[in-house]
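Asker: Before I ask anything, let me first share the structure, which is written out below as structure tokens.
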Amino acid sequence: MKSLVFALSFLLLAGCASGPRIDTSHPSVNFDNRAQFIVVHYTSASLERSLALLTHGQVSSHYLIGDDKAGTIFKLVDENYRAWHAGESEWQGRTWLNSSSIGIEIVNPGFRDTPTGRVWYPYSEAQIQNLIVLLKDISKRNNISPRHIIGHSDIAPLRKLDPGPLFPWKRLADAGLGQWPNAQAVARQQAVYAQALPSATWFQQELARLGYTTPQTGEFDVATRHVLTAFQMHFRPGRFDGIADAESAAILQVLNQTK
């Protein structure tokens with residue numbers, strides 16, 4: 001009798017352990033990928049130091065592109081997981097972009113300050129070629145819009161400068177990876193704004209429309225100038241002083257008109 005009770009108890013426990021039946025015959029069509037953005041960075045460190053920081057430090061990234069001759073791509077975090085590369089960030093109203101982005105770090109010192117001014121370090125041809133291939137692959141698999149390929153300075157303009165003014169955003173845009181304004185349209189609109197520059201309110205609203213987190217104070221305050229600097233560094237890297245001018249206004253309007 002005891003053996004029968006034991007056997008029945010075992011079967012009941014086994015049944016509980018297997019859990020409830022899960023029906024998968026009604027999949028929803030209402031979903032999208034976790035990754036909505038791709039954020040590009042430079043590391044400000046050597047390859048060895050970058051690997052150490054991104055694998056055993058407090059930050060991480062999905063990919064790292066080395067500065068060796070081949071521009072080796074290191075996969076550090078699976079794209080299905082969240083990496084810690086964006087920090088406090090915002091783009092198009094979305095905050096803390098670690099949860100919704102794929103991070104790509106590129107080994108590059110960034111800049112050095114000299115008595116004659118700040119000197120920025122260029123990226124190698126191998127790094128850019130491999131980045132383009134990687135971006136095409138990631139964006140295709142995750143259905144990420146070219147408009148959502150952005151820089152760290154775009155999503156955190158008050159505290160970040162990377163990937164810097166020597167990063168070739170136009171080259172990426174020519175490859176279908178990002179935005180770039182039409183030069184003829186910019187020239188036409190610049191002539192208009194040269195006669196009357198838009199107000200601080202207009203700049204703040206248009207920067208926010210493009211995606212930047214911008215104070216809506218109606219003044220060219222310190223925060224707004226930081227955002228304007230990040231915008232210029234991306235779309236007019238020849239001059240990024242944070243000062244509103246006709247060319248910046250024209251670029252901003254053309255970009256928003258072609259979204």
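By order in the structure tokens, chains are A, B, ...; within a chain, residues start at 1; ligands start at 1, following the order shown.
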Can you write out as JSON lines which residues of region 200-250 of chain A fall within 8 Å of region 157-164 of chain A, alongside each residue's closest atom pair and its distance in Å to one decimal, counting only C-alpha atoms and ordering rows by chain and ascending residue number?
Answerer:
```
{"residue": "A:Ala223", "atom": "CA", "partner": "A:Leu158", "partner_atom": "CA", "distance": 6.7}
{"residue": "A:His226", "atom": "CA", "partner": "A:Leu158", "partner_atom": "CA", "distance": 5.8}
{"residue": "A:Val227", "atom": "CA", "partner": "A:Pro157", "partner_atom": "CA", "distance": 5.4}
{"residue": "A:Thr229", "atom": "CA", "partner": "A:Pro157", "partner_atom": "CA", "distance": 7.9}
{"residue": "A:Ala230", "atom": "CA", "partner": "A:Pro157", "partner_atom": "CA", "distance": 5.8}
{"residue": "A:Met233", "atom": "CA", "partner": "A:Gly164", "partner_atom": "CA", "distance": 6.8}
{"residue": "A:His234", "atom": "CA", "partner": "A:Gly164", "partner_atom": "CA", "distance": 7.8}
```
Asker: May I have the residues within 12 Å of Ala35 (chain A) as a ChimeraX atom specification, using only C-alpha atoms and disregarding those fewer than 6 positions away in the same chain?
Answerer: /A:62,78-83,97-103,138-145,148-149
Asker: Include N, CA, C and O atoms and write out the residues we just selected as a short mmCIF file (atom, residue, chain, number, x, y, z; two decimals), in the first residue's frame.
Answerer:
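File result-v1.cif, as written:
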```
data_model
loop_
_atom_site.label_atom_id
_atom_site.label_comp_id
_atom_site.auth_asym_id
_atom_site.auth_seq_id
_atom_site.Cartn_x
_atom_site.Cartn_y
_atom_site.Cartn_z
N HIS A 62 28.16 46.25 -28.14
CA HIS A 62 27.91 45.03 -28.91
C HIS A 62 29.09 44.70 -29.82
O HIS A 62 29.45 43.53 -29.98
N ASP A 78 25.90 39.88 -27.47
CA ASP A 78 24.89 39.45 -28.43
C ASP A 78 23.86 40.57 -28.62
O ASP A 78 23.48 41.26 -27.66
N GLU A 79 23.43 40.77 -29.85
CA GLU A 79 22.49 41.86 -30.15
C GLU A 79 21.17 41.72 -29.40
O GLU A 79 20.44 42.71 -29.22
N ASN A 80 20.81 40.52 -28.99
CA ASN A 80 19.56 40.33 -28.26
C ASN A 80 19.64 40.86 -26.84
O ASN A 80 18.60 41.03 -26.18
N TYR A 81 20.84 41.14 -26.37
CA TYR A 81 21.03 41.62 -25.01
C TYR A 81 21.35 43.11 -25.01
O TYR A 81 21.80 43.68 -26.00
N ARG A 82 21.15 43.72 -23.87
CA ARG A 82 21.42 45.14 -23.70
C ARG A 82 22.87 45.34 -23.29
O ARG A 82 23.34 44.71 -22.35
N ALA A 83 23.57 46.21 -24.00
CA ALA A 83 24.94 46.57 -23.64
C ALA A 83 24.92 47.96 -23.00
O ALA A 83 24.01 48.76 -23.23
N LEU A 97 18.94 54.95 -24.05
CA LEU A 97 18.95 54.18 -25.28
C LEU A 97 19.70 52.84 -25.19
O LEU A 97 19.71 52.09 -26.17
N ASN A 98 20.30 52.52 -24.05
CA ASN A 98 20.89 51.18 -23.91
C ASN A 98 19.86 50.10 -24.24
O ASN A 98 20.20 49.08 -24.84
N SER A 99 18.62 50.34 -23.85
CA SER A 99 17.59 49.32 -24.00
C SER A 99 17.08 49.18 -25.43
O SER A 99 16.46 48.17 -25.75
N SER A 100 17.34 50.16 -26.27
CA SER A 100 16.75 50.13 -27.61
C SER A 100 17.78 50.34 -28.72
O SER A 100 17.42 50.70 -29.83
N SER A 101 19.05 50.11 -28.42
CA SER A 101 20.08 50.38 -29.43
C SER A 101 21.16 49.31 -29.44
O SER A 101 21.32 48.55 -28.49
N ILE A 102 21.88 49.30 -30.55
CA ILE A 102 23.09 48.48 -30.70
C ILE A 102 24.27 49.44 -30.73
O ILE A 102 24.27 50.42 -31.48
N GLY A 103 25.25 49.18 -29.89
CA GLY A 103 26.39 50.06 -29.78
C GLY A 103 27.61 49.54 -30.53
O GLY A 103 27.93 48.36 -30.44
N ILE A 138 23.66 44.91 -39.78
CA ILE A 138 22.84 45.11 -38.59
C ILE A 138 21.51 45.76 -38.95
O ILE A 138 20.44 45.33 -38.50
N SER A 139 21.56 46.82 -39.74
CA SER A 139 20.34 47.55 -40.06
C SER A 139 19.37 46.71 -40.89
O SER A 139 18.15 46.79 -40.70
N LYS A 140 19.90 45.87 -41.76
CA LYS A 140 19.02 45.01 -42.57
C LYS A 140 18.35 43.95 -41.70
O LYS A 140 17.14 43.73 -41.80
N ARG A 141 19.11 43.31 -40.84
CA ARG A 141 18.55 42.24 -40.01
C ARG A 141 17.55 42.77 -38.99
O ARG A 141 16.58 42.09 -38.65
N ASN A 142 17.78 43.98 -38.52
CA ASN A 142 16.91 44.55 -37.49
C ASN A 142 15.93 45.58 -38.02
O ASN A 142 15.18 46.17 -37.24
N ASN A 143 15.93 45.77 -39.33
CA ASN A 143 15.02 46.72 -39.97
C ASN A 143 15.15 48.11 -39.34
O ASN A 143 14.17 48.76 -39.00
N ILE A 144 16.39 48.57 -39.19
CA ILE A 144 16.66 49.87 -38.59
C ILE A 144 16.77 50.93 -39.69
O ILE A 144 17.52 50.76 -40.65
N SER A 145 16.02 51.99 -39.54
CA SER A 145 16.02 53.06 -40.53
C SER A 145 17.38 53.76 -40.58
O SER A 145 18.04 53.92 -39.54
N HIS A 148 18.11 56.33 -38.05
CA HIS A 148 18.36 55.91 -36.67
C HIS A 148 19.79 55.41 -36.45
O HIS A 148 20.07 54.76 -35.46
N ILE A 149 20.68 55.74 -37.39
CA ILE A 149 22.11 55.50 -37.20
C ILE A 149 22.71 56.83 -36.76
O ILE A 149 22.78 57.78 -37.54
#
```
Asker: For the atom pair CA of Ser199 (chain A) and CA of Gln216 (chain A), what is the interatomic distance in Å to one decimal place?
Answerer: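 Value for the CA of Ser199 (chain A)-CA of Gln216 (chain A) distance: 11.8 Å.
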Asker: Between A:Lys75, A:His41, A:His85, A:Lys170, which has the minimum distance to Gly110 (chain A) (counting only C-alpha atoms)?
Answerer: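 The closest residue to Gly110 (chain A) is A:His41.
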Asker: What are the DSSP strand (DSSP E) residues of region 63-175 of chain A, as a list in words?
Answerer: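 Filtering region 63-175 of chain A down to strand (DSSP E) leaves Tyr63, Leu64, Ile65, Ile73, Phe74, Lys75, Glu90, Trp91, Arg94, Thr95, Ser101, Ile102, Gly103, Ile104, Glu105, Ile106, Phe111, Arg112, Asp113, Thr114, Gly117, Arg118, Val119, Trp120, Ile149, Ile150 and Gly151 of chain A.
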Asker: What gap, in Å, lies between CA of Pro237 (chain A) and CA of Asp174 (chain A)?
Answerer: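 Going from CA of Pro237 (chain A) over to CA of Asp174 (chain A) covers 16.2 Å.
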Asker: Quick one: distance from CA of Ala86 (chain A) to CA of Arg236 (chain A) in Å, one decimal?
Answerer: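 If I compute the distance from CA of Ala86 (chain A) to CA of Arg236 (chain A), I get 23.1 Å.
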Asker: Between A:Gln179, A:Thr95, A:Thr224, A:Thr213, single out the one closest to Thr201 (chain A), counting only C-alpha atoms.
Answerer: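 Between A:Gln179, A:Thr95, A:Thr224, A:Thr213, the residue approaching Thr201 (chain A) most closely is A:Thr224.
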Asker: I want to know what sits within 8 Å of Ala250 (chain A), based on only C-alpha atoms, with residues of the same chain fewer than 3 positions away left out; could you give that as a list in words?
Answerer: Val186, Ala187, Gln189, Gln190, Tyr193, Ala246, Glu247, Gln253 and Val254 of chain A
Asker: For Gln36 (chain A), which residue among A:Asp137, A:Pro146, A:Glu88, A:Gly66 is the nearest when counting only C-alpha atoms?
Answerer: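 Looking at the shortest contact to Gln36 (chain A), the residue is A:Pro146.
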Asker: I'd like to know which residues of region 54-211 of chain A are helix (DSSP H, G or I) (by DSSP, run on the backbone); could you write them as a ChimeraX atom specification?
Answerer: /A:54-56,97-100,125-142,146-148,152-155,169-174,183-193,200-210
Asker: Using only C-alpha atoms, determine which residues lie at most 7 Å from Gln204 (chain A), disregarding the query and same-chain residues fewer than 3 positions distant; provide the list as a PyMOL selection string.
Answerer: chain A and resi 200-201+207-208+214-216
Asker: Next, write the just-selected residues to a file, as an mmCIF file, in the first residue's frame, keeping N, CA, C and O atoms as the atom set.
Answerer:
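Wrote it out as part-v6.cif, contents follow:
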```
data_model
loop_
_atom_site.group_PDB
_atom_site.id
_atom_site.type_symbol
_atom_site.label_atom_id
_atom_site.label_comp_id
_atom_site.auth_asym_id
_atom_site.auth_seq_id
_atom_site.Cartn_x
_atom_site.Cartn_y
_atom_site.Cartn_z
ATOM 1 N N ALA A 200 15.710 81.771 -31.677
ATOM 2 C CA ALA A 200 16.163 80.658 -30.840
ATOM 3 C C ALA A 200 15.059 79.621 -30.683
ATOM 4 O O ALA A 200 15.319 78.412 -30.682
ATOM 5 N N THR A 201 13.817 80.084 -30.569
ATOM 6 C CA THR A 201 12.680 79.161 -30.456
ATOM 7 C C THR A 201 12.604 78.260 -31.676
ATOM 8 O O THR A 201 12.376 77.048 -31.562
ATOM 9 N N LEU A 207 15.499 71.451 -33.954
ATOM 10 C CA LEU A 207 16.451 70.458 -33.440
ATOM 11 C C LEU A 207 15.703 69.313 -32.757
ATOM 12 O O LEU A 207 16.044 68.137 -32.934
ATOM 13 N N ALA A 208 14.675 69.652 -31.988
ATOM 14 C CA ALA A 208 13.863 68.622 -31.332
ATOM 15 C C ALA A 208 13.113 67.787 -32.360
ATOM 16 O O ALA A 208 12.970 66.567 -32.201
ATOM 17 N N THR A 214 16.313 69.085 -26.695
ATOM 18 C CA THR A 214 16.655 70.503 -26.694
ATOM 19 C C THR A 214 15.773 71.276 -25.723
ATOM 20 O O THR A 214 14.552 71.122 -25.741
ATOM 21 N N PRO A 215 16.351 72.124 -24.882
ATOM 22 C CA PRO A 215 15.521 72.971 -24.008
ATOM 23 C C PRO A 215 14.635 73.866 -24.866
ATOM 24 O O PRO A 215 15.053 74.341 -25.921
ATOM 25 N N GLN A 216 13.420 74.073 -24.433
ATOM 26 C CA GLN A 216 12.500 74.938 -25.164
ATOM 27 C C GLN A 216 12.339 76.253 -24.379
ATOM 28 O O GLN A 216 11.266 76.592 -23.890
#
```
Asker: Just checking: using only C-alpha atoms, which residue out of A:Arg49, A:Arg34, A:Ser153, A:Leu134 ends up closest to Pro109 (chain A)?
Answerer: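 Using only C-alpha atoms, the shortest distance to Pro109 (chain A) belongs to A:Arg49.
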Asker: Go through A:Leu197, A:Val40, A:Leu51, A:Leu166 one by one, measure the shortest atom-to-atom distance of each to Leu135 (chain A) using only C-alpha atoms, and give the residue with the smallest value.
Answerer: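 Nearest candidate to Leu135 (chain A) out of A:Leu197, A:Val40, A:Leu51, A:Leu166: A:Val40.
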Asker: Name the closest residue to Pro181 (chain A) among the candidates A:Ala196, A:His152, A:Leu252, A:Asp245; distances are taken between atoms, counting only C-alpha atoms.
Answerer: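 That would be A:Leu252, the residue with the smallest distance to Pro181 (chain A).
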